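K.L.:
There's a structure below that I have some questions on.
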Amino acid sequence: MHAANGYLIDQFLQSTTNQRDDEYGGSLENRARLLLQVVDALVEVWGAGRVGVHIAPRADAHDMGDANPLETFGYVMQQLSQRQIAFVFSREYQAEDSISPQLRQQFTGAWIANENLTPESAKQLLASGEADAVSFGKAYIANPDLLERLEKNLSLNELNPETIYAKGALGYTDYPALAENTLEA
């Protein structure tokens, strides 16, 4: 379930955007109500082991924000743990003020880390147990053979952010793969 990046469920969850005065606004429990009701419905249909939730605890997408993100997302992690969902996918880059390490400690399922990871930082997160899995979004756009490059410890193509939402192949399917680089050499 996508509950990040300013999508509807994220808007309900975070205090800056949720200005409601009904049972879905105000208190933390009320703001988390929609997210938890949707999770409960998904668990009822597919079972907890097949449900995951995508969060962005840094609240840095669009106009998102929360007065106390550690408290808000910590509460959500506790509730998701009680429901025994399969995983949480956390989009939060690593920095001094990152809260994902604390959130990870409050969640009992698998933790997938994402955002601005390098091969080295991804390996460190896995080795330290701060993540059970890692994912690459932008790096994968620029590297159609990302897995092979990571396995062989090869350099990555640089992403051109100006072409991410371009029409056609430019910036979408025109990044060179390893085989193309080998043929050109």
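Identifiers for the structure tokens are assigned positionally: chains receive A, B, ... in sequence, residues are indexed from 1 per chain, and ligands are indexed from 1 in the order shown.
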Which residues are close to Thr16 of chain A, i.e. within 8 Å by only C-alpha atoms, leaving aside same-chain residues fewer than 5 positions away? Reply as a list in words.
P.N.:
Met64, Gly65, Asp66 and Ala67 of chain A
K.L.:
Since we have the selection now, will you write its residues out, keeping N, CA and C atoms, as a PDB file, in the first residue's frame?
P.N.:
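After the write, selection-v7.pdb holds the following:
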ATOM      1  N   MET A  64       4.316  17.890   2.276  1.00  0.00           N
ATOM      2  CA  MET A  64       4.136  17.038   3.449  1.00  0.00           C
ATOM      3  C   MET A  64       4.947  17.559   4.627  1.00  0.00           C
ATOM      4  N   GLY A  65       4.542  17.156   5.812  1.00  0.00           N
ATOM      5  CA  GLY A  65       5.264  17.520   7.017  1.00  0.00           C
ATOM      6  C   GLY A  65       4.495  17.039   8.238  1.00  0.00           C
ATOM      7  N   ASP A  66       5.215  16.863   9.308  1.00  0.00           N
ATOM      8  CA  ASP A  66       4.589  16.401  10.530  1.00  0.00           C
ATOM      9  C   ASP A  66       5.292  17.054  11.712  1.00  0.00           C
ATOM     10  N   ALA A  67       4.532  17.419  12.726  1.00  0.00           N
ATOM     11  CA  ALA A  67       5.094  18.068  13.912  1.00  0.00           C
ATOM     12  C   ALA A  67       6.059  17.148  14.655  1.00  0.00           C
TER      13      ALA A  67
END
K.L.:
Within 10 Å of Gly74 of chain A, counting only C-alpha atoms, which residues qualify if same-chain residues fewer than 3 places away don't, as a PyMOL selection string?
P.N.:
chain A and resi 57+68-71+77-80+99-100+102-107
K.L.:
Find the residues around Gln11 of chain A up to 12 Å (only C-alpha atoms counted), leave out those fewer than 2 positions away in its own chain, and share them as a CSV table (one decimal) with all heavy atoms, in the first residue's frame.
P.N.:
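And here is the file that came out, part13.csv:
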chain,number,residue,atom,x,y,z
A,2,HIS,N,0.6,2.1,-0.9
A,2,HIS,CA,1.4,3.4,-1.0
A,2,HIS,C,0.9,4.4,0.0
A,2,HIS,O,-0.2,4.9,-0.2
A,2,HIS,CB,1.3,3.9,-2.4
A,2,HIS,CG,2.5,4.8,-2.8
A,2,HIS,ND1,3.0,5.8,-1.9
A,2,HIS,CD2,3.3,4.8,-3.9
A,2,HIS,CE1,4.0,6.4,-2.5
A,2,HIS,NE2,4.2,5.8,-3.7
A,3,ALA,N,1.7,4.6,1.0
A,3,ALA,CA,1.3,5.6,2.1
A,3,ALA,C,2.4,6.6,2.2
A,3,ALA,O,2.8,7.0,3.3
A,3,ALA,CB,1.0,4.9,3.4
A,4,ALA,N,3.0,7.1,1.1
A,4,ALA,CA,4.1,8.0,1.1
A,4,ALA,C,4.0,9.1,0.1
A,4,ALA,O,3.0,9.1,-0.7
A,4,ALA,CB,5.4,7.2,0.9
A,5,ASN,N,4.9,10.0,0.1
A,5,ASN,CA,5.1,11.0,-1.0
A,5,ASN,C,3.9,11.9,-1.3
A,5,ASN,O,3.8,12.4,-2.4
A,5,ASN,CB,5.5,10.3,-2.3
A,5,ASN,CG,6.7,9.4,-2.1
A,5,ASN,OD1,7.5,9.6,-1.1
A,5,ASN,ND2,6.9,8.4,-2.9
A,6,GLY,N,3.1,12.1,-0.3
A,6,GLY,CA,2.0,13.0,-0.4
A,6,GLY,C,0.8,12.4,-1.0
A,6,GLY,O,-0.2,13.1,-1.3
A,7,TYR,N,0.8,11.1,-1.2
A,7,TYR,CA,-0.4,10.4,-1.7
A,7,TYR,C,-1.5,10.5,-0.6
A,7,TYR,O,-1.2,10.9,0.5
A,7,TYR,CB,-0.1,9.0,-2.1
A,7,TYR,CG,0.6,8.9,-3.4
A,7,TYR,CD1,1.8,9.5,-3.6
A,7,TYR,CD2,0.1,8.0,-4.4
A,7,TYR,CE1,2.4,9.4,-4.9
A,7,TYR,CE2,0.7,7.9,-5.6
A,7,TYR,CZ,1.9,8.6,-5.8
A,7,TYR,OH,2.6,8.5,-7.0
A,8,LEU,N,-2.7,10.2,-0.9
A,8,LEU,CA,-3.9,10.4,0.0
A,8,LEU,C,-3.7,9.9,1.4
A,8,LEU,O,-3.9,10.6,2.4
A,8,LEU,CB,-5.1,9.8,-0.6
A,8,LEU,CG,-6.4,10.0,0.2
A,8,LEU,CD1,-6.7,11.5,0.3
A,8,LEU,CD2,-7.5,9.2,-0.4
A,9,ILE,N,-3.2,8.7,1.5
A,9,ILE,CA,-3.1,8.1,2.9
A,9,ILE,C,-2.0,8.9,3.7
A,9,ILE,O,-2.1,9.1,4.9
A,9,ILE,CB,-2.8,6.6,2.8
A,9,ILE,CG1,-4.0,5.9,2.3
A,9,ILE,CG2,-2.4,6.1,4.2
A,9,ILE,CD1,-3.9,4.5,2.0
A,13,LEU,N,-2.2,11.0,7.3
A,13,LEU,CA,-1.3,10.6,8.4
A,13,LEU,C,-0.6,11.8,9.0
A,13,LEU,O,-0.5,11.9,10.2
A,13,LEU,CB,-0.3,9.6,7.9
A,13,LEU,CG,0.7,9.1,8.9
A,13,LEU,CD1,0.0,8.4,10.1
A,13,LEU,CD2,1.7,8.2,8.3
A,14,GLN,N,-0.1,12.7,8.2
A,14,GLN,CA,0.8,13.8,8.7
A,14,GLN,C,0.1,15.0,9.1
A,14,GLN,O,-0.9,15.5,8.5
A,14,GLN,CB,1.8,14.1,7.6
A,14,GLN,CG,2.7,12.8,7.3
A,14,GLN,CD,3.9,13.1,6.6
A,14,GLN,OE1,4.6,14.1,6.9
A,14,GLN,NE2,4.3,12.2,5.6
A,15,SER,N,0.5,15.6,10.2
A,15,SER,CA,-0.2,16.7,10.9
A,15,SER,C,-0.2,18.0,10.0
A,15,SER,O,-1.1,18.8,10.2
A,15,SER,CB,0.5,17.0,12.2
A,15,SER,OG,1.8,17.4,12.1
A,16,THR,N,0.8,18.2,9.2
A,16,THR,CA,0.8,19.4,8.4
A,16,THR,C,-0.3,19.5,7.4
A,16,THR,O,-0.9,20.5,7.1
A,16,THR,CB,2.1,19.6,7.7
A,16,THR,OG1,3.1,19.7,8.7
A,16,THR,CG2,2.2,20.9,6.9
A,17,THR,N,-0.6,18.3,6.8
A,17,THR,CA,-1.7,18.3,5.8
A,17,THR,C,-3.0,17.9,6.3
A,17,THR,O,-4.0,18.2,5.7
A,17,THR,CB,-1.2,17.3,4.6
A,17,THR,OG1,-0.9,16.0,5.2
A,17,THR,CG2,-0.1,17.9,3.9
A,18,ASN,N,-3.1,17.1,7.4
A,18,ASN,CA,-4.4,16.7,7.9
A,18,ASN,C,-4.9,17.8,8.8
A,18,ASN,O,-4.5,17.9,10.0
A,18,ASN,CB,-4.3,15.4,8.6
A,18,ASN,CG,-5.6,14.8,9.0
A,18,ASN,OD1,-6.6,15.6,9.2
A,18,ASN,ND2,-5.7,13.5,9.2
A,19,GLN,N,-5.9,18.5,8.3
A,19,GLN,CA,-6.5,19.6,9.1
A,19,GLN,C,-8.0,19.2,9.4
A,19,GLN,O,-8.8,20.1,9.8
A,19,GLN,CB,-6.5,20.9,8.3
A,19,GLN,CG,-5.0,21.4,8.0
A,19,GLN,CD,-4.2,21.6,9.3
A,19,GLN,OE1,-4.6,22.3,10.1
A,19,GLN,NE2,-3.1,21.0,9.3
A,20,ARG,N,-8.3,18.0,9.4
A,20,ARG,CA,-9.6,17.5,9.6
A,20,ARG,C,-10.0,17.6,11.1
A,20,ARG,O,-9.1,17.6,12.0
A,20,ARG,CB,-9.8,16.0,9.2
A,20,ARG,CG,-9.5,15.8,7.7
A,20,ARG,CD,-9.5,14.4,7.3
A,20,ARG,NE,-10.9,13.9,7.4
A,20,ARG,CZ,-11.7,13.7,6.4
A,20,ARG,NH1,-11.3,14.0,5.2
A,20,ARG,NH2,-12.9,13.2,6.6
A,24,TYR,N,-11.0,11.3,11.6
A,24,TYR,CA,-9.8,11.0,10.8
A,24,TYR,C,-8.8,12.2,10.9
A,24,TYR,O,-7.8,12.3,10.2
A,24,TYR,CB,-10.1,10.8,9.3
A,24,TYR,CG,-10.9,9.5,9.1
A,24,TYR,CD1,-12.3,9.5,9.0
A,24,TYR,CD2,-10.2,8.4,8.9
A,24,TYR,CE1,-12.9,8.3,8.8
A,24,TYR,CE2,-10.8,7.2,8.7
A,24,TYR,CZ,-12.2,7.2,8.7
A,24,TYR,OH,-12.9,6.0,8.4
A,25,GLY,N,-9.0,13.1,11.9
A,25,GLY,CA,-8.1,14.2,12.1
A,25,GLY,C,-7.8,14.4,13.5
A,25,GLY,O,-8.4,13.8,14.4
A,31,ARG,N,-5.4,10.4,12.9
A,31,ARG,CA,-4.7,10.6,11.6
A,31,ARG,C,-4.2,9.3,11.0
A,31,ARG,O,-4.2,9.1,9.8
A,31,ARG,CB,-3.6,11.6,11.8
A,31,ARG,CG,-4.0,13.0,12.0
A,31,ARG,CD,-2.9,14.0,12.1
A,31,ARG,NE,-2.2,13.9,13.4
A,31,ARG,CZ,-0.9,13.5,13.6
A,31,ARG,NH1,-0.2,13.2,12.5
A,31,ARG,NH2,-0.4,13.4,14.8
A,32,ALA,N,-3.9,8.3,11.8
A,32,ALA,CA,-3.5,7.0,11.4
A,32,ALA,C,-4.6,6.1,11.0
A,32,ALA,O,-4.4,5.0,10.4
A,32,ALA,CB,-2.6,6.3,12.4
A,33,ARG,N,-5.8,6.4,11.4
A,33,ARG,CA,-7.0,5.6,11.2
A,33,ARG,C,-7.2,5.1,9.8
A,33,ARG,O,-7.4,3.9,9.5
A,33,ARG,CB,-8.3,6.3,11.7
A,33,ARG,CG,-9.5,5.4,11.7
A,33,ARG,CD,-10.8,6.2,12.1
A,33,ARG,NE,-10.5,7.0,13.3
A,33,ARG,CZ,-10.7,6.5,14.6
A,33,ARG,NH1,-11.0,5.3,14.8
A,33,ARG,NH2,-10.4,7.3,15.6
A,34,LEU,N,-7.1,6.0,8.8
A,34,LEU,CA,-7.3,5.5,7.4
A,34,LEU,C,-6.3,4.5,7.0
A,34,LEU,O,-6.6,3.5,6.4
A,34,LEU,CB,-7.4,6.8,6.5
A,34,LEU,CG,-7.6,6.4,5.0
A,34,LEU,CD1,-8.9,5.7,4.8
A,34,LEU,CD2,-7.5,7.7,4.1
A,35,LEU,N,-5.0,4.8,7.2
A,35,LEU,CA,-3.9,3.9,6.9
A,35,LEU,C,-4.2,2.5,7.5
A,35,LEU,O,-4.1,1.5,6.8
A,35,LEU,CB,-2.6,4.5,7.4
A,35,LEU,CG,-1.4,3.7,7.0
A,35,LEU,CD1,-0.2,4.6,7.0
A,35,LEU,CD2,-1.1,2.6,8.0
A,55,ILE,N,6.3,4.0,3.1
A,55,ILE,CA,6.3,5.2,3.9
A,55,ILE,C,7.4,6.1,3.4
A,55,ILE,O,8.4,5.7,2.8
A,55,ILE,CB,6.4,5.0,5.4
A,55,ILE,CG1,7.7,4.3,5.7
A,55,ILE,CG2,5.2,4.2,5.9
A,55,ILE,CD1,8.0,4.3,7.2
A,56,ALA,N,7.3,7.4,3.8
A,56,ALA,CA,8.4,8.4,3.5
A,56,ALA,C,8.5,9.2,4.8
A,56,ALA,O,7.9,10.3,4.9
A,56,ALA,CB,8.1,9.2,2.3
A,59,ALA,N,9.1,13.1,5.2
A,59,ALA,CA,8.0,14.0,4.9
A,59,ALA,C,8.5,15.1,4.0
A,59,ALA,O,8.2,16.3,4.2
A,59,ALA,CB,7.4,14.6,6.1
A,61,ALA,N,8.3,15.2,0.5
A,61,ALA,CA,7.7,15.2,-0.8
A,61,ALA,C,6.5,16.2,-0.8
A,61,ALA,O,5.7,16.2,0.1
A,61,ALA,CB,7.2,13.8,-1.2
A,62,HIS,N,6.5,17.0,-1.9
A,62,HIS,CA,5.4,17.9,-2.0
A,62,HIS,C,5.3,18.8,-0.8
A,62,HIS,O,6.2,19.4,-0.4
A,62,HIS,CB,4.1,17.2,-2.4
A,62,HIS,CG,4.3,16.2,-3.6
A,62,HIS,ND1,4.6,16.7,-4.9
A,62,HIS,CD2,4.4,14.9,-3.6
A,62,HIS,CE1,4.8,15.6,-5.6
A,62,HIS,NE2,4.7,14.5,-4.9
A,63,ASP,N,4.1,19.0,-0.2
A,63,ASP,CA,3.9,19.8,0.9
A,63,ASP,C,3.7,19.1,2.2
A,63,ASP,O,3.1,19.5,3.1
A,63,ASP,CB,2.7,20.7,0.7
A,63,ASP,CG,2.9,21.7,-0.4
A,63,ASP,OD1,4.1,22.2,-0.6
A,63,ASP,OD2,1.9,22.0,-1.1
A,64,MET,N,4.3,17.9,2.3
A,64,MET,CA,4.1,17.0,3.4
A,64,MET,C,4.9,17.6,4.6
A,64,MET,O,5.9,18.3,4.5
A,64,MET,CB,4.5,15.6,3.1
A,64,MET,CG,3.7,15.0,2.0
A,64,MET,SD,1.9,15.1,2.2
A,64,MET,CE,1.7,14.3,3.8
A,65,GLY,N,4.5,17.2,5.8
A,65,GLY,CA,5.3,17.5,7.0
A,65,GLY,C,4.5,17.0,8.2
A,65,GLY,O,3.3,16.9,8.2
A,66,ASP,N,5.2,16.9,9.3
A,66,ASP,CA,4.6,16.4,10.5
A,66,ASP,C,5.3,17.1,11.7
A,66,ASP,O,6.5,17.2,11.7
A,66,ASP,CB,4.7,14.9,10.6
A,66,ASP,CG,3.8,14.3,11.7
A,66,ASP,OD1,2.6,14.2,11.5
A,66,ASP,OD2,4.3,14.1,12.9
K.L.:
Measure the distance from atom CA of Phe89 of chain A to atom CA of Gly171 of chain A in Å and round it to one decimal.
P.N.:
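Spanning atom CA of Phe89 of chain A to atom CA of Gly171 of chain A is a straight-line distance of 25.4 Å.
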K.L.:
Which of segment 24-152 of chain A end up as strand (DSSP E) when DSSP is run on this backbone - answer as a list in words?
P.N.:
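DSSP-assigned strand (DSSP E) residues in segment 24-152 of chain A: Gly52, Val53, His54, Ile55, Phe87, Val88, Phe89, Ser90, Arg91, Ala110, Trp111, Ile112, Ala113, Asn114, Ala133, Val134 and Ser135 of chain A.
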K.L.:
Identify all residues of segment 5-175 of chain A in alpha helix (DSSP H) (DSSP on the backbone) and supply them as a count of residues only.
P.N.:
67
